[in-house]
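**Q** Input file: start_32.txt. Contents: compact mmCIF, C-alpha atoms.
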```txt
# COMPACT_ATOMS: atom_id res chain seq x y z
CA MET M 1 104.99 108.48 124.43
CA MET M 2 103.16 105.87 126.54
CA LYS M 3 99.84 107.04 125.05
CA LYS M 4 101.13 106.45 121.50
CA ILE M 5 102.31 102.96 122.44
CA ASN M 6 98.92 102.07 123.94
CA GLU M 7 97.12 103.42 120.87
CA LYS M 8 99.38 101.34 118.60
CA MET M 9 98.76 98.20 120.67
CA ARG M 10 94.98 98.82 120.55
CA ILE M 11 95.03 99.17 116.75
CA THR M 12 97.10 95.99 116.42
CA PHE M 13 94.65 94.13 118.67
CA TYR M 14 91.59 95.24 116.67
CA ARG M 15 93.27 94.29 113.41
CA SER M 16 94.16 90.83 114.77
CA PHE M 17 90.67 90.33 116.16
CA ALA M 18 89.07 91.39 112.86
CA SER M 19 91.32 89.01 110.94
CA LEU M 20 90.36 86.16 113.29
CA VAL M 21 86.61 86.86 112.87
CA LEU M 22 86.90 87.04 109.09
CA GLY M 23 88.91 83.82 109.08
CA LEU M 24 86.27 82.01 111.12
CA LEU M 25 83.48 83.30 108.88
CA SER M 26 85.37 82.23 105.77
CA ALA M 27 86.01 78.78 107.22
CA TYR M 28 82.32 78.45 108.11
CA CYS M 29 81.17 79.49 104.65
CA TYR M 30 83.68 77.22 102.98
CA GLY M 31 82.84 74.24 105.19
CA ALA M 32 79.04 74.56 104.86
CA ALA M 33 77.88 72.52 101.88
CA THR M 34 75.59 74.28 99.42
CA ASN M 35 72.25 72.76 98.49
CA HIS M 36 73.77 71.73 95.16
CA GLU M 37 76.57 69.88 96.95
CA GLN M 38 74.12 68.26 99.38
CA VAL M 39 71.97 66.95 96.52
CA GLU M 40 74.97 65.68 94.55
CA GLU M 41 76.44 63.89 97.57
CA GLY M 42 73.03 62.56 98.60
CA ALA M 43 72.38 61.15 95.12
CA LYS M 44 75.81 59.50 95.14
CA GLN M 45 75.27 57.84 98.51
CA TYR M 46 71.76 56.75 97.51
CA LEU M 47 73.08 54.98 94.40
CA ILE M 48 75.97 53.37 96.28
CA ASN M 49 73.57 52.03 98.93
CA GLN M 50 71.10 50.73 96.35
CA LEU M 51 73.74 49.06 94.19
CA THR M 52 75.91 47.62 96.96
CA ASP M 53 73.04 45.43 98.24
CA ASN M 54 73.23 43.31 95.06
CA ALA M 55 76.91 43.79 94.27
CA GLN M 56 78.03 40.15 94.88
CA ASP M 57 81.76 40.84 95.34
CA THR M 58 81.54 43.74 92.87
CA ASN M 59 83.05 47.12 93.74
CA ILE M 60 80.82 50.11 92.96
CA ASP M 61 82.02 53.60 92.07
CA VAL M 62 79.59 56.45 91.31
CA ALA M 63 80.32 59.80 89.66
CA ILE M 64 77.39 62.23 89.88
CA VAL M 65 76.95 64.76 87.06
CA LYS M 66 77.45 68.27 88.47
CA ILE M 67 74.19 70.20 88.77
CA ASP M 68 74.13 73.55 86.97
CA ASP M 69 74.73 76.34 89.51
CA ARG M 70 71.99 78.39 87.85
CA ILE M 71 69.34 75.88 88.92
CA ASN M 72 67.60 76.95 92.13
CA ILE M 73 67.55 74.28 94.83
CA PRO M 74 65.48 75.34 97.86
CA ASP M 75 66.26 74.39 101.44
CA CYS M 76 64.67 71.12 102.56
CA PRO M 77 64.43 70.90 106.38
CA THR M 78 63.13 67.31 106.29
CA GLY M 79 65.93 66.18 103.98
CA PHE M 80 65.97 65.51 100.26
CA GLN M 81 64.51 62.24 98.96
CA TYR M 82 66.05 60.18 96.13
CA ASN M 83 64.53 57.59 93.84
CA ALA M 84 65.57 55.55 90.79
CA SER M 85 63.62 52.82 89.03
CA PRO M 86 64.79 49.17 89.30
CA GLU M 87 65.37 49.13 85.56
CA ALA M 88 67.61 52.20 85.73
CA LEU M 89 69.69 50.71 88.57
CA SER M 90 71.01 48.02 86.20
CA GLN M 91 72.42 50.59 83.76
CA SER M 92 75.77 52.37 83.60
CA TYR M 93 74.10 55.80 83.56
CA ILE M 94 71.32 56.12 86.14
CA SER M 95 68.75 58.91 86.39
CA VAL M 96 67.84 59.87 89.98
CA ARG M 97 64.77 61.89 90.95
CA VAL M 98 65.44 64.29 93.84
CA SER M 99 62.48 65.80 95.72
CA CYS M 100 61.48 67.41 99.01
CA LYS M 101 58.35 66.72 101.10
CA ASN M 102 58.19 70.36 102.20
CA ASN M 103 57.25 71.58 98.73
CA GLU M 104 56.49 70.38 95.21
CA TRP M 105 60.05 70.97 94.03
CA TYR M 106 61.99 68.19 92.27
CA LEU M 107 64.75 67.70 89.73
CA PHE M 108 66.50 64.86 87.94
CA THR M 109 70.22 64.28 88.16
CA SER M 110 72.26 61.35 86.93
CA GLY M 111 75.27 59.30 87.91
CA GLN M 112 77.78 57.25 85.96
CA VAL M 113 78.32 53.87 87.62
CA THR M 114 81.47 51.80 87.28
CA ARG M 115 81.29 48.19 88.43
CA THR M 116 84.58 46.38 88.95
CA LYS M 117 85.54 43.01 90.38
CA GLU M 118 88.88 41.75 91.67
CA ILE M 119 89.74 38.68 89.59
CA VAL M 120 92.73 36.53 88.67
CA VAL M 121 94.61 37.68 85.55
CA THR M 122 97.85 36.65 83.88
CA GLN M 123 101.12 38.28 84.82
CA GLY M 124 102.97 38.20 81.53
CA ALA M 125 102.20 36.13 78.42
CA ILE M 126 101.66 32.41 79.07
CA SER M 127 102.29 29.59 76.57
CA PRO M 128 100.24 26.37 76.22
CA GLY M 129 101.23 23.69 78.74
CA THR M 130 102.54 26.22 81.30
CA VAL M 131 101.80 25.29 84.90
CA LEU M 132 100.23 28.20 86.77
CA THR M 133 102.07 29.54 89.82
CA THR M 134 102.08 32.71 91.89
CA SER M 135 104.75 34.10 89.54
CA ASN M 136 102.54 34.14 86.44
CA LEU M 137 99.24 35.11 88.10
CA THR M 138 98.07 38.25 89.88
CA MET M 139 94.88 39.97 91.07
CA ALA M 140 93.41 42.97 89.25
CA GLU M 141 90.31 45.18 89.34
CA VAL M 142 88.46 44.68 86.04
CA ASP M 143 85.33 46.34 84.68
CA VAL M 144 82.63 43.64 84.83
CA ARG M 145 81.43 44.70 81.36
CA ARG M 146 84.64 43.18 79.98
CA LEU M 147 83.89 39.79 81.52
CA ARG M 148 82.02 37.63 79.05
CA TYR M 149 82.42 34.49 81.13
CA THR M 150 82.73 33.64 84.82
CA ALA M 151 86.22 34.54 86.05
CA PHE M 152 88.21 33.19 89.00
CA THR M 153 88.41 35.31 92.16
CA ASP M 154 90.75 33.07 94.19
CA LEU M 155 94.36 32.97 92.96
CA ALA M 156 95.34 30.03 95.18
CA SER M 157 92.65 27.82 93.62
CA LEU M 158 94.45 27.97 90.23
CA ILE M 159 97.93 26.95 91.37
CA GLY M 160 98.96 23.76 89.57
CA ALA M 161 96.58 24.08 86.62
CA ARG M 162 97.96 24.05 83.05
CA MET M 163 97.12 26.48 80.27
CA LYS M 164 95.57 24.98 77.15
CA ARG M 165 96.39 27.89 74.85
CA ARG M 166 98.56 30.99 74.65
CA ILE M 167 97.18 34.06 76.39
CA THR M 168 98.46 37.61 76.74
CA ASP M 169 99.50 39.68 79.74
CA GLY M 170 96.68 40.94 81.96
CA GLN M 171 94.05 38.58 80.54
CA ALA M 172 91.30 37.22 82.82
CA ILE M 173 91.63 33.50 83.59
CA GLN M 174 88.57 31.45 82.57
CA SER M 175 87.85 27.76 83.02
CA ASN M 176 87.93 27.00 79.28
CA MET M 177 91.56 28.18 79.13
CA LEU M 178 92.99 25.58 81.47
CA CYS M 179 92.80 22.08 82.88
CA PHE M 180 93.89 20.66 86.22
CA VAL M 181 93.65 17.21 84.75
CA CYS M 182 94.22 17.16 80.99
CA LYS M 183 93.23 14.49 78.50
CA GLY M 184 95.86 11.72 78.43
CA ASP M 185 97.23 12.50 81.93
CA ARG M 186 98.06 9.54 84.17
CA ILE M 187 96.28 10.19 87.44
CA THR M 188 95.28 8.44 90.67
CA ILE M 189 91.71 7.21 90.94
CA THR M 190 90.53 7.19 94.55
CA ALA M 191 87.36 5.21 95.29
CA GLU M 192 85.66 6.01 98.59
CA VAL M 193 83.59 3.11 99.95
CA ALA M 194 81.99 3.20 103.41
CA GLY M 195 84.70 5.45 104.81
CA MET M 196 87.54 3.46 103.20
CA GLU M 197 89.72 4.50 100.27
CA VAL M 198 90.95 2.33 97.42
CA LYS M 199 93.47 3.81 95.01
CA THR M 200 94.42 2.74 91.50
CA ALA M 201 96.06 4.25 88.45
CA GLY M 202 94.01 5.76 85.64
CA ILE M 203 94.17 7.78 82.43
CA ALA M 204 92.08 10.91 81.88
CA GLN M 205 89.87 10.86 78.80
CA GLN M 206 88.78 14.50 79.16
CA ASP M 207 90.07 17.85 80.36
CA GLY M 208 88.72 19.07 83.69
CA VAL M 209 89.12 21.67 86.41
CA VAL M 210 88.69 21.00 90.12
CA GLY M 211 85.09 19.99 90.77
CA ASP M 212 84.40 18.77 87.22
CA ASN M 213 83.22 15.23 86.56
CA ILE M 214 85.27 13.66 83.76
CA LYS M 215 85.64 10.28 82.09
CA VAL M 216 88.72 8.26 83.12
CA ILE M 217 89.98 4.76 82.26
CA ASN M 218 91.01 2.39 85.04
CA ALA M 219 94.52 1.34 83.96
CA SER M 220 94.10 -2.14 85.50
CA SER M 221 90.60 -3.12 84.35
CA GLN M 222 90.46 -0.83 81.28
CA LYS M 223 86.94 0.13 82.34
CA ALA M 224 85.68 3.68 81.95
CA VAL M 225 84.31 5.50 84.99
CA ILE M 226 83.12 9.03 85.77
CA ALA M 227 85.12 10.69 88.53
CA ARG M 228 85.37 14.14 90.10
CA VAL M 229 88.59 16.11 89.68
CA ALA M 230 90.09 16.72 93.13
CA SER M 231 93.58 17.96 92.18
CA PRO M 232 96.05 17.90 89.26
CA GLU M 233 97.00 14.34 90.27
CA GLU M 234 93.78 12.83 91.58
CA VAL M 235 90.14 12.08 90.72
CA VAL M 236 87.61 10.70 93.20
CA ILE M 237 84.73 8.24 92.87
CA HIS M 238 82.07 7.95 95.57
CA LEU M 239 80.61 4.42 95.69
```
Show me, as structure tokens, the structure contained in the file I just sent.
**A**
Amino acid sequence: MMKKINEKMRITFYRSFASLVLGLLSAYCYGAATNHEQVEEGAKQYLINQLTDNAQDTNIDVAIVKIDDRINIPDCPTGFQYNASPEALSQSYISVRVSCKNNEWYLFTSGQVTRTKEIVVTQGAISPGTVLTTSNLTMAEVDVRRLRYTAFTDLASLIGARMKRRITDGQAIQSNMLCFVCKGDRITITAEVAGMEVKTAGIAQQDGVVGDNIKVINASSQKAVIARVASPEEVVIHL
């Protein structure tokens, strides 16, 4: 009876040990990347590194075209090398040459690049004359190919501006859509002279966003001057 029990325990042990070994081998095989996977991942990282250097606040996403499993990719002890021409790097679909110093082998693969930028867009439709606030603006990732003009990337910098025309929900905010100081607005003209400030009332003769130089009329002298828009209520002259 004791002999049968020992034999049963020995069989159970061998079965458990065999299962453990097979499990470890399976995990190793599954975890080890194939040459195809190494090349695909290497090409992706190469493109991300090349494109990120000149991204300028642009987010880069790369999707590498899967390499046909029937294509033979030899081992490369020194590591695969990747190269794309400067002209190709500006495109949406980029061809990458993959090679290995150990032999004369090479192939071409390609990646689809998506370039997005976080910009200020409308949150709901906005009518002309509406003052922009945090309730009608939001940030969104937008494909840069959709941006025909320079967009705003700082939501806070638009608070207080007024829309000049009706725009739809989710539309990118552009400088020609709005004015901080609008033509006909009564504003304060601040003249800075040798560290001193002199303020007077004025009337805007042009639309302008912060930083623009616009023509304004001094309400007291009726003289026209060029002043820089500082806020929705103020323009500044440096004398």
**Q** Grab the atom CA of M:Thr122 to atom CA of M:Leu147 distance for me, in Å with one decimal place.
**A** 14.5 Å
**Q** Enclose all atoms of stretch 198-210 of chain M listed in the file in an axis-aligned box, grow every side by 8 Å, and hand back centre and edge lengths in Å to one decimal, as lines of an AutoDock Vina configuration file.
**A**
```
center_x = 92.4
center_y = 12.0
center_z = 88.1
size_x = 23.4
size_y = 35.3
size_z = 34.6
```
**Q** Quick one: distance from atom CA of M:Gly111 to atom CA of M:Asn83 in Å, one decimal?
**A**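 Going from atom CA of M:Gly111 over to atom CA of M:Asn83 covers 12.4 Å.
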**Q** Can you pull out the residues contacting M:Val131? Cut-off 6 Å, using all atoms listed in the file, and skip same-chain residues under 3 positions away; I want them as a list in words.
**A**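 Neighbouring residues, sequence-local ones excluded: Gly160, Ala161 and Arg162 of chain M.
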**Q** Would you mind reading off the distance between atom CA of M:Asp212 and atom CA of M:Val121, one decimal, in Å?
**A**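 About the pair atom CA of M:Asp212 and atom CA of M:Val121: they are 21.6 Å apart.
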**Q** Need the shell around stretch 171-186 of chain M: protein/DNA/RNA residues with any atom at most 10 Å away, counting all atoms listed in the file. Skip same-chain ones fewer than 5 positions apart. Format as a PyMOL selection string?
**A** chain M and resi 119-126+128-132+137-140+142+146-153+155+158-166+201-212+214-217+219+229-235
**Q** List the residues sitting within 8 Å of (81.1, 6.7, 95.8) in the file's frame, using all atoms listed in the file, as a PDB file with C-alpha atoms, keeping the file's coordinate frame.
**A**
```pdb
ATOM      1  CA  ALA M 191      87.360   5.210  95.290  1.00  0.00           C
ATOM      2  CA  GLU M 192      85.660   6.010  98.590  1.00  0.00           C
ATOM      3  CA  VAL M 193      83.590   3.110  99.950  1.00  0.00           C
ATOM      4  CA  ILE M 237      84.730   8.240  92.870  1.00  0.00           C
ATOM      5  CA  HIS M 238      82.070   7.950  95.570  1.00  0.00           C
ATOM      6  CA  LEU M 239      80.610   4.420  95.690  1.00  0.00           C
TER       7      LEU M 239
END
```
**Q** Got a sec: who's within 9 Å of M:Lys101, counting only C-alpha atoms, leaving out chain neighbours fewer than 4 positions off, as a CSV table (one decimal) with C-alpha atoms, keeping the file's coordinate frame?
**A**
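Result file is out-v2.csv:
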```csv
chain,number,residue,atom,x,y,z
M,76,CYS,CA,64.7,71.1,102.6
M,78,THR,CA,63.1,67.3,106.3
M,79,GLY,CA,65.9,66.2,104.0
M,80,PHE,CA,66.0,65.5,100.3
M,81,GLN,CA,64.5,62.2,99.0
M,105,TRP,CA,60.0,71.0,94.0
```
**Q** Considering all atoms listed in the file, state which residue in the set M:Thr114, M:Ser220, M:Ser95, M:Ser90 is at the smallest distance from M:Ala43.
**A**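 Nearest candidate to M:Ala43 out of M:Thr114, M:Ser220, M:Ser95, M:Ser90: M:Ser95.
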**Q** Considering all atoms listed in the file, can you say which of M:Asn35, M:Gln45, M:Gln112, M:Gln91 comes closest to M:Asn72?
**A** M:Asn35
**Q** Within 6 Å of M:Val98, counting all atoms listed in the file, which residues qualify if same-chain residues fewer than 3 places away don't, as a PyMOL selection string?
**A** chain M and resi 81-82+106-107
**Q** Identify which of the residues M:Glu104, M:Ile64, M:Lys199, M:Asn136 lies closest to M:Asn218, counting only C-alpha atoms when measuring atom-to-atom distances.
**A**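 Checking each candidate against M:Asn218, we get M:Lys199 as the closest.
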**Q** From the set M:Phe108, M:Asp61, M:Ile226, M:Ala88, which residue has the shortest atom-to-atom contact distance to M:Ile48, counting all atoms listed in the file?
**A** M:Asp61
**Q** Out of M:Asn102, M:Val65, M:Asn49, M:Ile94, which residue has the shortest atom-to-atom distance to M:Pro77 when counting all atoms listed in the file?
**A**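 The closest residue to M:Pro77 is M:Asn102.
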